[in-house]
Every structure is written in C-alpha cells, then in structure tokens.
Amino acid sequence: MTTALIVGDIQRGITDGYPFARQVVPPLADLLPRARKNDALVVFVHFAMRDNGTDLPDGALYRSFFDAGDAFHEGSPGTELTLPVAEEDVVVLKRRASAFAGTDLDLVLRARGIRDVAIAGVATSAMVTATCYDAADRGYGVTVLRDGCADSDQDVNDFLLDKVFPSRGFEVVTCAEWTGRTA
C-alpha cells in the first residue's frame, strides 16, 4: 500500500447544511469499497472546534463557523462523518482548513509508507486546496478527485480543477477513473 484516499469535511454539519456538499456523497460512497479493495489507506478528516473556543484564531471565517451553533463544535452530531468508516480506516480531527495543519496525518501516512494521495472533500477552495498544497510540500504525489470535490462557488470550483491544480502538477480525475495509483 503506497496510496491514501483522503476525504475531508464530509460530515453531517456540512452535508446537511450546505447543499453543494451533498453532491459529492454518492461518488465517494461508490468509491470507498473499491479503494479499500485496492489496498488504498482510507483517511477521513473532519473539522471541529473546542466548545470553549480556545482553538479559535482571530478572524471572521472561523468565528462564523463557531458562532453558527454547535454544528462545528467537537463532539456534536454535526462533526460526525456522513460516509461509513471501516475498521481499517483512519479518522483525523482537524481544526484548520488543511488536513495536515496541526494533525498527525503526515505521521500516519509516513508510518504506512504512503507516497501518493488522492484528495476529495469540501470545499474545493478551502480544505481541498490547502491539503493539496500541504501534501505537495511534504513530497506526496497528488491527485484530486473531480466529482469528489465541491464548492459553494461553481466557477471557483471549476477554475481550481481545470486550471490551477493541473498547472501545479496535480492529476485531476473522476472517482470512477481513479485506479488507486496517483500522480
């Protein structure tokens, strides 16, 4: 196993609360059994903040998530994963956009000998982009799963998938096209 599938922020508070996020659930649900069968390490990353706000940075973005109710508060139903997790999967809790920022994701991937990652999730302009750049900076080959990503702004989503990611050397394929081998 040298490939990991990283699925970010596909959690109840996002898929239930943001219509654009729901569209990625069916292609990812179809992909998960195939990824596991092909011995890819499946990693689910979900976002949550502490109830007391001690991990809340300055700035309006994270404050808006924190103040929106408990959908993004650690331990709330909103932080529960939407897709089924198998016993062999890894679940990582993050508190920032990137799946690598302040988490043990890199440690887990290196311990398993992972060299390539396929990234899916929401939003394309936040979690996906931040995780792609962090993965590339750490030397991983990067593939982005087109129909496994979505953004509230379709034009931004398409620009990233069609222009930015390919220009950075990231392979962009659909969930059905992904073979478990990346970039």
# chains A, B, ... in the order shown; residues from 1 in each chain; ligands from 1

call {"tool": "residues_around", "arguments": {"residues": "A:Leu83", "least_positions_apart": "4", "cutoff": "9 Å", "atoms": "only C-alpha atoms", "output": "ChimeraX atom specification"}}
result
/A:10-11,25,28-29,32,44

call {"tool": "select_by_dssp", "arguments": {"residues": "chain A", "states": "alpha helix (DSSP H)", "output": "PyMOL selection string"}}
result
chain A and resi 12-15+19-22+25-37+60-67+105-111+129-137+154-159+165-167

call {"tool": "closest_atom_pairs", "arguments": {"of": "stretch 62-142 of chain A", "to": "stretch 166-169 of chain A", "cutoff": "12 Å", "atoms": "only C-alpha atoms", "output": "tab-separated table"}}
result
residue	atom	partner	partner_atom	distance
A:Thr129	CA	A:Arg168	CA	11.1
A:Cys132	CA	A:Arg168	CA	9.7
A:Tyr133	CA	A:Arg168	CA	9.0
A:Ala136	CA	A:Arg168	CA	9.2
A:Asp137	CA	A:Arg168	CA	11.5
A:Tyr140	CA	A:Gly169	CA	11.4
A:Gly141	CA	A:Gly169	CA	8.8
A:Val142	CA	A:Gly169	CA	7.9

call {"tool": "write_last_selection", "arguments": {"atoms": "all heavy atoms", "output": "PDB file, in the first residue's frame"}}
result
ATOM      1  N   THR A 129      -7.875  22.566  -1.483  1.00  0.00           N
ATOM      2  CA  THR A 129      -6.704  23.338  -1.914  1.00  0.00           C
ATOM      3  C   THR A 129      -5.608  23.333  -0.855  1.00  0.00           C
ATOM      4  O   THR A 129      -4.434  23.073  -1.162  1.00  0.00           O
ATOM      5  CB  THR A 129      -7.113  24.778  -2.267  1.00  0.00           C
ATOM      6  OG1 THR A 129      -8.060  24.732  -3.339  1.00  0.00           O
ATOM      7  CG2 THR A 129      -5.917  25.614  -2.677  1.00  0.00           C
ATOM      8  N   CYS A 132      -4.019  19.868  -0.646  1.00  0.00           N
ATOM      9  CA  CYS A 132      -3.186  19.582  -1.826  1.00  0.00           C
ATOM     10  C   CYS A 132      -1.818  20.240  -1.706  1.00  0.00           C
ATOM     11  O   CYS A 132      -0.784  19.594  -1.934  1.00  0.00           O
ATOM     12  CB  CYS A 132      -3.880  20.072  -3.098  1.00  0.00           C
ATOM     13  SG  CYS A 132      -5.235  19.046  -3.660  1.00  0.00           S
ATOM     14  N   TYR A 133      -1.801  21.523  -1.381  1.00  0.00           N
ATOM     15  CA  TYR A 133      -0.524  22.226  -1.282  1.00  0.00           C
ATOM     16  C   TYR A 133       0.328  21.678  -0.146  1.00  0.00           C
ATOM     17  O   TYR A 133       1.550  21.510  -0.304  1.00  0.00           O
ATOM     18  CB  TYR A 133      -0.735  23.734  -1.132  1.00  0.00           C
ATOM     19  CG  TYR A 133      -1.088  24.401  -2.442  1.00  0.00           C
ATOM     20  CD1 TYR A 133      -2.312  25.018  -2.611  1.00  0.00           C
ATOM     21  CD2 TYR A 133      -0.196  24.396  -3.512  1.00  0.00           C
ATOM     22  CE1 TYR A 133      -2.640  25.623  -3.826  1.00  0.00           C
ATOM     23  CE2 TYR A 133      -0.517  24.988  -4.717  1.00  0.00           C
ATOM     24  CZ  TYR A 133      -1.734  25.609  -4.870  1.00  0.00           C
ATOM     25  OH  TYR A 133      -2.055  26.193  -6.067  1.00  0.00           O
ATOM     26  N   ALA A 136       1.766  18.315  -1.325  1.00  0.00           N
ATOM     27  CA  ALA A 136       2.863  18.521  -2.283  1.00  0.00           C
ATOM     28  C   ALA A 136       4.112  19.031  -1.580  1.00  0.00           C
ATOM     29  O   ALA A 136       5.229  18.588  -1.890  1.00  0.00           O
ATOM     30  CB  ALA A 136       2.417  19.491  -3.376  1.00  0.00           C
ATOM     31  N   ASP A 137       3.955  19.940  -0.634  1.00  0.00           N
ATOM     32  CA  ASP A 137       5.106  20.457   0.114  1.00  0.00           C
ATOM     33  C   ASP A 137       5.819  19.361   0.894  1.00  0.00           C
ATOM     34  O   ASP A 137       7.022  19.458   1.149  1.00  0.00           O
ATOM     35  CB  ASP A 137       4.670  21.551   1.093  1.00  0.00           C
ATOM     36  CG  ASP A 137       4.407  22.883   0.424  1.00  0.00           C
ATOM     37  OD1 ASP A 137       4.734  23.052  -0.772  1.00  0.00           O
ATOM     38  OD2 ASP A 137       3.845  23.776   1.102  1.00  0.00           O
ATOM     39  N   TYR A 140       4.425  14.347  -1.344  1.00  0.00           N
ATOM     40  CA  TYR A 140       3.469  13.349  -1.816  1.00  0.00           C
ATOM     41  C   TYR A 140       3.046  13.663  -3.250  1.00  0.00           C
ATOM     42  O   TYR A 140       2.900  14.825  -3.615  1.00  0.00           O
ATOM     43  CB  TYR A 140       2.212  13.325  -0.932  1.00  0.00           C
ATOM     44  CG  TYR A 140       2.472  12.881   0.482  1.00  0.00           C
ATOM     45  CD1 TYR A 140       2.574  13.811   1.515  1.00  0.00           C
ATOM     46  CD2 TYR A 140       2.618  11.531   0.797  1.00  0.00           C
ATOM     47  CE1 TYR A 140       2.815  13.414   2.817  1.00  0.00           C
ATOM     48  CE2 TYR A 140       2.866  11.125   2.103  1.00  0.00           C
ATOM     49  CZ  TYR A 140       2.963  12.073   3.108  1.00  0.00           C
ATOM     50  OH  TYR A 140       3.209  11.670   4.393  1.00  0.00           O
ATOM     51  N   GLY A 141       2.820  12.625  -4.050  1.00  0.00           N
ATOM     52  CA  GLY A 141       2.164  12.795  -5.336  1.00  0.00           C
ATOM     53  C   GLY A 141       0.695  13.090  -5.060  1.00  0.00           C
ATOM     54  O   GLY A 141       0.096  12.482  -4.167  1.00  0.00           O
ATOM     55  N   VAL A 142       0.103  14.006  -5.808  1.00  0.00           N
ATOM     56  CA  VAL A 142      -1.255  14.462  -5.512  1.00  0.00           C
ATOM     57  C   VAL A 142      -2.182  14.240  -6.703  1.00  0.00           C
ATOM     58  O   VAL A 142      -1.878  14.642  -7.826  1.00  0.00           O
ATOM     59  CB  VAL A 142      -1.268  15.966  -5.137  1.00  0.00           C
ATOM     60  CG1 VAL A 142      -2.694  16.468  -4.905  1.00  0.00           C
ATOM     61  CG2 VAL A 142      -0.411  16.219  -3.898  1.00  0.00           C
TER      62      VAL A 142
END

call {"tool": "atom_distance", "arguments": {"atom1": "atom CA of A:Val85", "atom2": "atom CA of A:Leu161"}}
result
26.8 Å

call {"tool": "atom_distance", "arguments": {"atom1": "atom CA of A:Leu31", "atom2": "atom CA of A:Asp153"}}
result
24.4 Å

call {"tool": "select_by_dssp", "arguments": {"residues": "chain A", "states": "strand (DSSP E)", "output": "MDAnalysis selection string"}}
result
chainID A and resid 3:8 41:47 90:94 116:122 141:150 171:173

call {"tool": "closest_residue", "arguments": {"among": "A:Asp67, A:Val122, A:Arg22, A:Val108", "to": "A:His46", "atoms": "only C-alpha atoms"}}
result
A:Val122

call {"tool": "residues_around", "arguments": {"residues": "A:Asp16", "least_positions_apart": "2", "cutoff": "12 Å", "atoms": "only C-alpha atoms", "output": "ChimeraX atom specification"}}
result
/A:9-14,18-23,25,71,77-82

call {"tool": "write_last_selection", "arguments": {"atoms": "N, CA, C and O atoms", "output": "mmCIF file, in the first residue's frame"}}
result
data_model
loop_
_atom_site.group_PDB
_atom_site.id
_atom_site.type_symbol
_atom_site.label_atom_id
_atom_site.label_comp_id
_atom_site.auth_asym_id
_atom_site.auth_seq_id
_atom_site.Cartn_x
_atom_site.Cartn_y
_atom_site.Cartn_z
ATOM 1 N N ASP A 9 -13.908 16.706 5.396
ATOM 2 C CA ASP A 9 -15.058 17.529 5.775
ATOM 3 C C ASP A 9 -16.387 17.029 5.226
ATOM 4 O O ASP A 9 -17.343 17.800 5.090
ATOM 5 N N ILE A 10 -16.483 15.745 4.943
ATOM 6 C CA ILE A 10 -17.768 15.157 4.567
ATOM 7 C C ILE A 10 -18.410 14.688 5.877
ATOM 8 O O ILE A 10 -18.349 13.526 6.258
ATOM 9 N N GLN A 11 -18.988 15.666 6.551
ATOM 10 C CA GLN A 11 -19.550 15.450 7.882
ATOM 11 C C GLN A 11 -20.932 16.080 7.941
ATOM 12 O O GLN A 11 -21.281 16.935 7.145
ATOM 13 N N ARG A 12 -21.733 15.631 8.898
ATOM 14 C CA ARG A 12 -23.159 15.997 8.973
ATOM 15 C C ARG A 12 -23.397 17.509 8.968
ATOM 16 O O ARG A 12 -24.292 17.985 8.281
ATOM 17 N N GLY A 13 -22.639 18.272 9.699
ATOM 18 C CA GLY A 13 -22.856 19.711 9.761
ATOM 19 C C GLY A 13 -22.613 20.411 8.444
ATOM 20 O O GLY A 13 -23.108 21.521 8.226
ATOM 21 N N ILE A 14 -21.882 19.756 7.560
ATOM 22 C CA ILE A 14 -21.602 20.336 6.247
ATOM 23 C C ILE A 14 -22.544 19.749 5.194
ATOM 24 O O ILE A 14 -23.207 20.488 4.468
ATOM 25 N N TYR A 18 -25.149 22.484 3.840
ATOM 26 C CA TYR A 18 -24.688 23.160 2.627
ATOM 27 C C TYR A 18 -25.034 22.287 1.422
ATOM 28 O O TYR A 18 -24.375 21.268 1.184
ATOM 29 N N PRO A 19 -26.038 22.662 0.632
ATOM 30 C CA PRO A 19 -26.493 21.816 -0.484
ATOM 31 C C PRO A 19 -25.390 21.398 -1.459
ATOM 32 O O PRO A 19 -25.392 20.262 -1.941
ATOM 33 N N PHE A 20 -24.438 22.278 -1.745
ATOM 34 C CA PHE A 20 -23.382 21.908 -2.697
ATOM 35 C C PHE A 20 -22.577 20.710 -2.218
ATOM 36 O O PHE A 20 -22.050 19.940 -3.027
ATOM 37 N N ALA A 21 -22.470 20.533 -0.911
ATOM 38 C CA ALA A 21 -21.647 19.460 -0.350
ATOM 39 C C ALA A 21 -22.275 18.081 -0.535
ATOM 40 O O ALA A 21 -21.562 17.078 -0.616
ATOM 41 N N ARG A 22 -23.584 18.028 -0.625
ATOM 42 C CA ARG A 22 -24.266 16.735 -0.760
ATOM 43 C C ARG A 22 -23.930 16.022 -2.073
ATOM 44 O O ARG A 22 -23.966 14.800 -2.138
ATOM 45 N N GLN A 23 -23.601 16.760 -3.118
ATOM 46 C CA GLN A 23 -23.380 16.138 -4.426
ATOM 47 C C GLN A 23 -22.174 15.213 -4.463
ATOM 48 O O GLN A 23 -22.072 14.357 -5.343
ATOM 49 N N VAL A 25 -21.325 13.077 -2.066
ATOM 50 C CA VAL A 25 -21.536 11.866 -1.266
ATOM 51 C C VAL A 25 -21.722 10.621 -2.135
ATOM 52 O O VAL A 25 -21.040 9.607 -1.902
ATOM 53 N N ALA A 71 -22.816 22.956 15.217
ATOM 54 C CA ALA A 71 -22.535 22.049 14.089
ATOM 55 C C ALA A 71 -21.053 21.775 13.902
ATOM 56 O O ALA A 71 -20.673 20.731 13.379
ATOM 57 N N PRO A 77 -23.229 16.313 16.932
ATOM 58 C CA PRO A 77 -23.627 15.490 15.787
ATOM 59 C C PRO A 77 -23.146 16.057 14.447
ATOM 60 O O PRO A 77 -22.912 15.300 13.511
ATOM 61 N N GLY A 78 -22.981 17.364 14.352
ATOM 62 C CA GLY A 78 -22.535 17.975 13.107
ATOM 63 C C GLY A 78 -21.136 17.577 12.694
ATOM 64 O O GLY A 78 -20.773 17.688 11.524
ATOM 65 N N THR A 79 -20.324 17.111 13.625
ATOM 66 C CA THR A 79 -18.954 16.713 13.292
ATOM 67 C C THR A 79 -18.841 15.227 12.964
ATOM 68 O O THR A 79 -17.761 14.748 12.632
ATOM 69 N N GLU A 80 -19.970 14.508 13.049
ATOM 70 C CA GLU A 80 -19.960 13.081 12.707
ATOM 71 C C GLU A 80 -19.826 12.911 11.194
ATOM 72 O O GLU A 80 -20.395 13.671 10.412
ATOM 73 N N LEU A 81 -19.098 11.896 10.787
ATOM 74 C CA LEU A 81 -18.869 11.642 9.371
ATOM 75 C C LEU A 81 -20.148 11.182 8.684
ATOM 76 O O LEU A 81 -20.936 10.423 9.248
ATOM 77 N N THR A 82 -20.337 11.628 7.452
ATOM 78 C CA THR A 82 -21.504 11.271 6.655
ATOM 79 C C THR A 82 -21.344 9.888 6.029
ATOM 80 O O THR A 82 -22.313 9.154 5.893
#

call {"tool": "residues_around", "arguments": {"residues": "A:Glu177", "least_positions_apart": "5", "cutoff": "12 Å", "atoms": "only C-alpha atoms", "output": "count of residues only"}}
result
15

call {"tool": "closest_residue", "arguments": {"among": "A:Ala40, A:Thr174, A:Phe47, A:Gly59", "to": "A:Gly102", "atoms": "only C-alpha atoms"}}
result
A:Phe47

call {"tool": "closest_residue", "arguments": {"among": "A:Asp104, A:Ala111, A:Thr15, A:Cys149", "to": "A:Ala126", "atoms": "only C-alpha atoms"}}
result
A:Cys149

call {"tool": "residues_around", "arguments": {"residues": "A:Gly69", "least_positions_apart": "3", "cutoff": "12 Å", "atoms": "only C-alpha atoms", "output": "ChimeraX atom specification"}}
result
/A:13,17,48-49,51,63-66,72-74,76-79

call {"tool": "atom_distance", "arguments": {"atom1": "atom CA of A:Pro26", "atom2": "atom CA of A:Thr2"}}
result
25.2 Å

call {"tool": "residues_around", "arguments": {"residues": "A:Lys37", "least_positions_apart": "6", "cutoff": "12 Å", "atoms": "only C-alpha atoms", "output": "MDAnalysis selection string"}}
result
chainID A and resid 1 31 86 88 179:180

call {"tool": "write_last_selection", "arguments": {"atoms": "N, CA, C and O atoms", "output": "compact mmCIF listing (two decimals), in the first residue's frame"}}
result
# COMPACT_ATOMS: atom_id res chain seq x y z
N MET A 1 0.84 -1.18 0.00
CA MET A 1 0.00 0.00 0.00
C MET A 1 0.88 1.24 0.00
O MET A 1 1.67 1.45 0.91
N LEU A 31 -16.95 4.95 -4.40
CA LEU A 31 -15.50 4.77 -4.47
C LEU A 31 -14.93 4.01 -3.27
O LEU A 31 -13.98 3.24 -3.42
N ALA A 86 -14.79 2.15 7.91
CA ALA A 86 -14.44 0.75 8.15
C ALA A 86 -13.37 0.68 9.24
O ALA A 86 -12.68 1.67 9.52
N GLU A 88 -10.49 -0.58 9.27
CA GLU A 88 -9.12 -0.33 8.82
C GLU A 88 -8.87 1.13 8.42
O GLU A 88 -7.73 1.52 8.16
N THR A 179 -7.74 4.90 -10.13
CA THR A 179 -7.36 3.48 -10.03
C THR A 179 -6.69 3.13 -8.70
O THR A 179 -6.41 1.97 -8.46
N GLY A 180 -6.41 4.14 -7.90
CA GLY A 180 -5.65 3.88 -6.70
C GLY A 180 -4.19 4.24 -6.87
O GLY A 180 -3.43 4.26 -5.91
